[in-house]
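Chemist: First, the structure itself, so that you have it in front of you.
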Amino acid sequence: MVNIVLFGPPGAGKGTQSEGIIKKYQLSHISTGDLFRKHLKEGTALGKLAQQYMDAGNLVPDQVVIDMVDDKIKSDGKINGYIFDGFPRTVAQAEALDKLMNGKSTPISCMIALEVSKAELVKRLLNRGKTSGRVDDQDESKIQNRITVYENETIPVANYYKNQGKFNGIQGIGEVDSIFKNICKVIDARL
Ligand code: AMP
């Protein structure tokens, strides 16, 4: 079993790279952003609660995110492992995830961090906003806020995994396939 935290700022390519990783390693994908968008579309109470935070580009409160991930994992049957995408985004979430996974004797294997410059991120997100329909991708001030939130609240999560010897930085600019190959090298070393 291999459990991967795919990490990086908004627009780093986590969703794109997740698709290849899931296919190749048959992992279960947990994207907290996708889960919130699903709730939003279905009009659930959780979706309504998350929307105000998402639209402004702020983080949904930790306990709400942790409970949602907890529920998702509990409802899964036997699987090969997980890829966590866009989670954990705070140190409190990382601690909760460790507790959850260690409790199942299936600890996090590694973090893979996609590294992309700020100018490239803004460009990618504005581009994505033209087709994704995502409100948070269409406004440059919201994008800037998401990057600021990432720098202030999420970057400490990388240090959390560095301290555990699980951090692997990968250059996130270039051909999708060559980035994918570099990701696979890290995963293969953990299998
Ligand atoms: P994403 O699709 O990962 O860019 O997430 C979209 C939005 O969902 C974020 O800007 C947050 O408002 C919310 N969100 C997703 N994942 C998390 C998380 N792990 N913690 C808090 N908020 C989250």
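In the structure tokens, the first chain shown is A, the next is B, and so on; residue numbers restart at 1 for each chain, and ligands run from 1 in the order shown.
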For the structure I just gave you, how does DSSP split stretch 33-98 of chain A - specifically, which residues are strand (DSSP E or B)? Reply as a list in words.

Modeler: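 Those in stretch 33-98 of chain A that DSSP calls strand (DSSP E or B) are Tyr82, Ile83, Phe84 and Asp85 of chain A.
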
Chemist: For the residues selected in the previous step, produce a file with N, CA, C and O atoms as a PDB file, in the first residue's frame.

Modeler:
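Dumped to result-v6.pdb:
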```pdb
ATOM      1  N   TYR A  82      -3.870   5.584  -1.349  1.00  0.00           N
ATOM      2  CA  TYR A  82      -4.534   6.855  -1.636  1.00  0.00           C
ATOM      3  C   TYR A  82      -3.580   7.859  -2.247  1.00  0.00           C
ATOM      4  O   TYR A  82      -2.387   7.851  -1.948  1.00  0.00           O
ATOM      5  N   ILE A  83      -4.165   8.722  -3.071  1.00  0.00           N
ATOM      6  CA  ILE A  83      -3.448   9.934  -3.425  1.00  0.00           C
ATOM      7  C   ILE A  83      -4.274  11.102  -2.887  1.00  0.00           C
ATOM      8  O   ILE A  83      -5.454  11.250  -3.223  1.00  0.00           O
ATOM      9  N   PHE A  84      -3.694  11.848  -1.988  1.00  0.00           N
ATOM     10  CA  PHE A  84      -4.372  13.013  -1.407  1.00  0.00           C
ATOM     11  C   PHE A  84      -3.949  14.237  -2.208  1.00  0.00           C
ATOM     12  O   PHE A  84      -2.759  14.527  -2.340  1.00  0.00           O
ATOM     13  N   ASP A  85      -4.953  14.950  -2.736  1.00  0.00           N
ATOM     14  CA  ASP A  85      -4.704  16.052  -3.669  1.00  0.00           C
ATOM     15  C   ASP A  85      -5.392  17.299  -3.094  1.00  0.00           C
ATOM     16  O   ASP A  85      -6.604  17.316  -2.934  1.00  0.00           O
TER      17      ASP A  85
END
```

Chemist: Skip stretch 4-13 of chain A itself and residues of its chain fewer than 2 positions away, then list as a PyMOL selection string all residues within 7 Å of it, counting only C-alpha atoms.

Modeler: chain A and resi 2+15-17+82-86+108-116+121+124-125+147+150+172

Chemist: Please, could you write that set of residues out with C-alpha atoms as a PDB file, in the first residue's frame?

Modeler:
```
ATOM      1  CA  VAL A   2       1.312   3.418  -0.933  1.00  0.00           C
ATOM      2  CA  GLY A  15      -5.206  17.439 -10.759  1.00  0.00           C
ATOM      3  CA  THR A  16      -3.520  16.681 -14.091  1.00  0.00           C
ATOM      4  CA  GLN A  17      -0.746  14.598 -12.536  1.00  0.00           C
ATOM      5  CA  TYR A  82      -4.534   6.855  -1.636  1.00  0.00           C
ATOM      6  CA  ILE A  83      -3.448   9.934  -3.425  1.00  0.00           C
ATOM      7  CA  PHE A  84      -4.372  13.013  -1.407  1.00  0.00           C
ATOM      8  CA  ASP A  85      -4.704  16.052  -3.669  1.00  0.00           C
ATOM      9  CA  GLY A  86      -5.144  19.505  -2.155  1.00  0.00           C
ATOM     10  CA  ILE A 108       1.608   8.299   4.572  1.00  0.00           C
ATOM     11  CA  SER A 109       4.463   7.038   2.367  1.00  0.00           C
ATOM     12  CA  CYS A 110       5.655  10.348   0.942  1.00  0.00           C
ATOM     13  CA  MET A 111       4.836  13.877  -0.087  1.00  0.00           C
ATOM     14  CA  ILE A 112       5.421  14.911  -3.697  1.00  0.00           C
ATOM     15  CA  ALA A 113       5.571  18.694  -4.027  1.00  0.00           C
ATOM     16  CA  LEU A 114       5.133  20.295  -7.454  1.00  0.00           C
ATOM     17  CA  GLU A 115       7.192  23.474  -7.640  1.00  0.00           C
ATOM     18  CA  VAL A 116       5.978  26.260  -9.947  1.00  0.00           C
ATOM     19  CA  LEU A 121       0.550  29.948 -11.560  1.00  0.00           C
ATOM     20  CA  ARG A 124      -2.313  28.956 -15.693  1.00  0.00           C
ATOM     21  CA  LEU A 125      -5.242  29.693 -13.356  1.00  0.00           C
ATOM     22  CA  ILE A 147      -1.588  32.038  -3.448  1.00  0.00           C
ATOM     23  CA  TYR A 150      -0.969  28.930   0.317  1.00  0.00           C
ATOM     24  CA  GLY A 172       6.362  21.411 -12.004  1.00  0.00           C
TER      25      GLY A 172
END
```

Chemist: To one decimal place in Å, what is the distance between atom CA of A:Thr154 and atom CA of A:Gly20?

Modeler: 24.2 Å

Chemist: Collect all residues with atoms no farther than 10 Å from ligand 1, counting only C-alpha atoms and all ligand atoms, and output them as a compact mmCIF listing (two decimals) with N, CA and C atoms, in the first residue's frame.

Modeler:
```
# COMPACT_ATOMS: atom_id res chain seq x y z
N PHE A 7 1.31 17.61 -3.38
CA PHE A 7 1.30 18.95 -2.78
C PHE A 7 1.73 19.99 -3.81
N GLY A 8 1.27 21.22 -3.60
CA GLY A 8 1.70 22.31 -4.47
C GLY A 8 0.66 23.41 -4.46
N PRO A 9 1.04 24.60 -4.90
CA PRO A 9 0.09 25.72 -4.92
C PRO A 9 -1.03 25.49 -5.93
N PRO A 10 -2.11 26.30 -5.84
CA PRO A 10 -3.18 26.17 -6.83
C PRO A 10 -2.59 26.41 -8.22
N GLY A 11 -2.91 25.53 -9.16
CA GLY A 11 -2.40 25.70 -10.53
C GLY A 11 -1.09 24.98 -10.78
N ALA A 12 -0.60 24.23 -9.81
CA ALA A 12 0.70 23.55 -9.97
C ALA A 12 0.60 22.32 -10.87
N LYS A 14 -1.62 19.56 -9.90
CA LYS A 14 -1.93 18.40 -9.05
C LYS A 14 -3.03 17.53 -9.67
N GLY A 15 -4.09 18.19 -10.18
CA GLY A 15 -5.21 17.44 -10.76
C GLY A 15 -4.75 16.65 -11.98
N ILE A 30 -8.33 11.22 -3.46
CA ILE A 30 -9.11 12.09 -2.57
C ILE A 30 -8.68 13.52 -2.82
N SER A 31 -9.51 14.26 -3.56
CA SER A 31 -9.27 15.68 -3.79
C SER A 31 -10.32 16.43 -2.99
N THR A 32 -9.89 17.15 -1.98
CA THR A 32 -10.87 17.84 -1.13
C THR A 32 -11.59 18.94 -1.92
N GLY A 33 -10.88 19.57 -2.86
CA GLY A 33 -11.52 20.59 -3.70
C GLY A 33 -12.64 19.96 -4.53
N ASP A 34 -12.37 18.80 -5.14
CA ASP A 34 -13.40 18.10 -5.94
C ASP A 34 -14.58 17.69 -5.05
N LEU A 35 -14.26 17.19 -3.84
CA LEU A 35 -15.35 16.76 -2.94
C LEU A 35 -16.24 17.94 -2.58
N PHE A 36 -15.60 19.09 -2.29
CA PHE A 36 -16.41 20.28 -1.96
C PHE A 36 -17.26 20.71 -3.16
N ARG A 37 -16.65 20.67 -4.36
CA ARG A 37 -17.41 21.09 -5.55
C ARG A 37 -18.60 20.15 -5.80
N ALA A 50 -19.24 25.43 2.62
CA ALA A 50 -17.91 25.58 1.99
C ALA A 50 -17.89 26.72 0.97
N GLN A 51 -19.04 26.98 0.34
CA GLN A 51 -19.05 27.90 -0.80
C GLN A 51 -18.49 29.29 -0.48
N GLN A 52 -18.88 29.82 0.68
CA GLN A 52 -18.44 31.18 1.02
C GLN A 52 -16.91 31.25 1.10
N TYR A 53 -16.30 30.19 1.61
CA TYR A 53 -14.83 30.16 1.72
C TYR A 53 -14.21 29.98 0.34
N MET A 54 -14.77 29.06 -0.43
CA MET A 54 -14.21 28.75 -1.75
C MET A 54 -14.28 29.95 -2.68
N ASP A 55 -15.43 30.62 -2.69
CA ASP A 55 -15.60 31.76 -3.60
C ASP A 55 -14.60 32.88 -3.31
N ALA A 56 -14.23 33.01 -2.04
CA ALA A 56 -13.29 34.08 -1.67
C ALA A 56 -11.84 33.61 -1.79
N GLY A 57 -11.66 32.31 -2.03
CA GLY A 57 -10.29 31.78 -2.11
C GLY A 57 -9.67 31.54 -0.75
N ASN A 58 -10.51 31.41 0.28
CA ASN A 58 -10.01 31.11 1.63
C ASN A 58 -10.16 29.63 1.94
N LEU A 59 -9.50 29.18 3.00
CA LEU A 59 -9.59 27.77 3.37
C LEU A 59 -10.88 27.50 4.14
N VAL A 60 -11.46 26.36 3.87
CA VAL A 60 -12.61 25.88 4.65
C VAL A 60 -12.04 25.46 6.02
N PRO A 61 -12.77 25.70 7.13
CA PRO A 61 -12.21 25.37 8.45
C PRO A 61 -11.74 23.92 8.56
N ASP A 62 -10.62 23.75 9.28
CA ASP A 62 -9.96 22.44 9.38
C ASP A 62 -10.90 21.30 9.73
N GLN A 63 -11.71 21.48 10.78
CA GLN A 63 -12.51 20.35 11.26
C GLN A 63 -13.51 19.88 10.21
N VAL A 64 -14.01 20.83 9.43
CA VAL A 64 -14.97 20.49 8.37
C VAL A 64 -14.28 19.60 7.33
N VAL A 65 -13.05 19.99 6.95
CA VAL A 65 -12.31 19.24 5.93
C VAL A 65 -11.93 17.86 6.48
N ILE A 66 -11.44 17.84 7.70
CA ILE A 66 -10.98 16.58 8.32
C ILE A 66 -12.14 15.59 8.43
N MET A 68 -14.81 15.46 6.61
CA MET A 68 -15.20 15.01 5.27
C MET A 68 -14.24 13.90 4.78
N VAL A 69 -12.93 14.08 5.00
CA VAL A 69 -11.94 13.08 4.57
C VAL A 69 -12.13 11.80 5.38
N PHE A 84 -3.69 11.85 -1.99
CA PHE A 84 -4.37 13.01 -1.41
C PHE A 84 -3.95 14.24 -2.21
N ASP A 85 -4.95 14.95 -2.74
CA ASP A 85 -4.70 16.05 -3.67
C ASP A 85 -5.39 17.30 -3.09
N GLY A 86 -4.57 18.29 -2.75
CA GLY A 86 -5.14 19.51 -2.15
C GLY A 86 -5.46 19.34 -0.68
N PHE A 87 -4.95 18.30 -0.09
CA PHE A 87 -5.12 17.98 1.33
C PHE A 87 -3.89 17.20 1.78
N PRO A 88 -3.28 17.47 2.91
CA PRO A 88 -3.61 18.52 3.88
C PRO A 88 -3.07 19.89 3.45
N ARG A 89 -3.80 20.93 3.85
CA ARG A 89 -3.42 22.29 3.50
C ARG A 89 -3.01 23.10 4.74
N THR A 90 -3.12 22.52 5.92
CA THR A 90 -2.63 23.17 7.15
C THR A 90 -1.93 22.09 7.97
N GLN A 93 -4.35 19.85 9.68
CA GLN A 93 -4.89 18.80 8.79
C GLN A 93 -3.87 17.67 8.62
N ALA A 94 -2.59 18.02 8.52
CA ALA A 94 -1.54 17.00 8.35
C ALA A 94 -1.47 16.11 9.59
N LEU A 125 -3.91 29.67 -13.97
CA LEU A 125 -5.24 29.69 -13.36
C LEU A 125 -6.21 30.55 -14.16
N ARG A 134 -14.95 27.69 -12.93
CA ARG A 134 -14.69 27.92 -11.50
C ARG A 134 -14.58 29.41 -11.21
N ASP A 136 -13.47 30.83 -8.67
CA ASP A 136 -12.20 31.20 -8.02
C ASP A 136 -11.03 31.23 -8.99
N ASP A 137 -11.25 30.84 -10.26
CA ASP A 137 -10.18 30.89 -11.27
C ASP A 137 -10.34 32.10 -12.20
N LYS A 142 -8.77 37.09 -6.53
CA LYS A 142 -9.07 35.84 -5.80
C LYS A 142 -7.91 34.84 -5.95
N ILE A 143 -7.33 34.84 -7.14
CA ILE A 143 -6.19 33.96 -7.39
C ILE A 143 -5.03 34.38 -6.49
N ASN A 145 -5.20 35.91 -3.71
CA ASN A 145 -5.52 35.55 -2.32
C ASN A 145 -5.24 34.07 -2.06
N ARG A 146 -5.59 33.21 -3.03
CA ARG A 146 -5.34 31.77 -2.85
C ARG A 146 -3.84 31.50 -2.73
N ILE A 147 -3.05 32.24 -3.51
CA ILE A 147 -1.59 32.04 -3.45
C ILE A 147 -1.05 32.55 -2.10
N VAL A 149 -2.76 32.67 0.72
CA VAL A 149 -3.21 31.69 1.72
C VAL A 149 -2.28 30.48 1.69
N TYR A 150 -1.89 30.07 0.47
CA TYR A 150 -0.97 28.93 0.32
C TYR A 150 0.36 29.24 1.01
N GLU A 153 -0.41 29.61 5.04
CA GLU A 153 -0.98 28.50 5.83
C GLU A 153 -0.55 27.12 5.36
N THR A 154 -0.23 27.01 4.05
CA THR A 154 0.01 25.67 3.51
C THR A 154 1.48 25.30 3.42
```

Chemist: For a test of reading the model, state the distance in Å between atom CA of A:Met101 and atom CA of A:Lys185, rounded to one decimal.

Modeler: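 Taking atom CA of A:Met101 as the start and atom CA of A:Lys185 as the end point, the length is 23.3 Å.
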
Chemist: Work out how far apart atom CA of A:Glu175 and atom CA of A:Gly81 are and give it in Å to one decimal.

Modeler: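 About the pair atom CA of A:Glu175 and atom CA of A:Gly81: they are 26.3 Å apart.
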
Chemist: Between A:Val176, A:Ile73, A:Ile79, A:Leu100, which has the minimum distance to A:Tyr25 (counting only C-alpha atoms)?

Modeler: A:Ile79

Chemist: Select, from A:Ile22, A:Thr44, A:His39, A:Ala92, the residue with the minimum atom-to-atom distance to A:Val157, counting only C-alpha atoms.

Modeler: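 Counting only C-alpha atoms, the residue closest to A:Val157 is A:Ala92.
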